[in-house]
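**Q** Attaching a single structure in C-alpha cells format; questions to follow.
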Amino acid sequence: MSKKDKKIEIQLADAKVVIGKDNYSGYTLTIGKKIIGEIAELDDQFAIVKNGNVDSFYKNLEKAVKILIENYNLAK
C-alpha cells in the first residue's frame with residue numbers, strides 16, 4: 001500500500017529579524033502556520049538566526065533556506 005504524497009506549502013516572507021538588541025532586514029520561513037526559521041541579511045551574507053543569535057552564515061539565500069528545511073525535516 002502506497003502513501004499519498006502530501007502537498008506542503010513553504011512561504012518565504014520579508015520580515016525584520018532581531019539579533020540581540022538590533023533589528024535587521026531578513027526573511028521568515030514558514031510551513032503552514034509554523035515559523036521554522038529566520039534568515040537575516042548581514043554584510044552581503046545570509047545568517048540563520050536561532051533564539052535571537054546567529055547560528056551560521058551562507059553566501060546565498062537558497063542555501064540558507066535549504067539548510068533550514070533540512071534541519072526542520074531532521075528534527076521531525
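Chain labels A, B, ... are given in the sequence in which chains occur in the C-alpha cells; within each chain residues are numbered consecutively from 1, and ligands are likewise numbered from 1 in the order shown.
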Could you give me, as JSON lines, every stretch 8-60 of chain A residue with an atom at most 9 Å from stretch 68-76 of chain A, plus its closest atom pair and distance in Å to one decimal, counting only C-alpha atoms, rows ordered by chain then number?
**A**
```
{"residue": "A:Leu29", "atom": "CA", "partner": "A:Leu68", "partner_atom": "CA", "distance": 8.2}
{"residue": "A:Ile36", "atom": "CA", "partner": "A:Tyr72", "partner_atom": "CA", "distance": 6.7}
{"residue": "A:Gly37", "atom": "CA", "partner": "A:Leu68", "partner_atom": "CA", "distance": 6.4}
{"residue": "A:Glu38", "atom": "CA", "partner": "A:Leu68", "partner_atom": "CA", "distance": 8.6}
{"residue": "A:Ile48", "atom": "CA", "partner": "A:Leu68", "partner_atom": "CA", "distance": 7.8}
```
**Q** Could you give me, as a PyMOL selection string, the residues within 12 Å of A:Tyr58, counting only C-alpha atoms and dropping anything in the same chain fewer than 6 positions from it?
**A** chain A and resi 39-49+64-68
**Q** For a quick check of understanding, using only C-alpha atoms, which of A:Ala15, A:Leu61, A:Val54, A:Ile10 has the smallest distance to A:Tyr27?
**A**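 Checking each candidate against A:Tyr27, we get A:Ala15 as the closest.
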**Q** Please indicate the distance in Å from atom CA of A:Gly32 to atom CA of A:Phe57, rounded to one decimal place.
**A**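 Separating atom CA of A:Gly32 from atom CA of A:Phe57 is a distance of 25.4 Å.
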**Q** Please identify which residues in chain A DSSP calls strand (DSSP E) from the backbone, and express them as a ChimeraX atom specification.
**A** /A:10-19,22-31,34-42,45-50,53-58
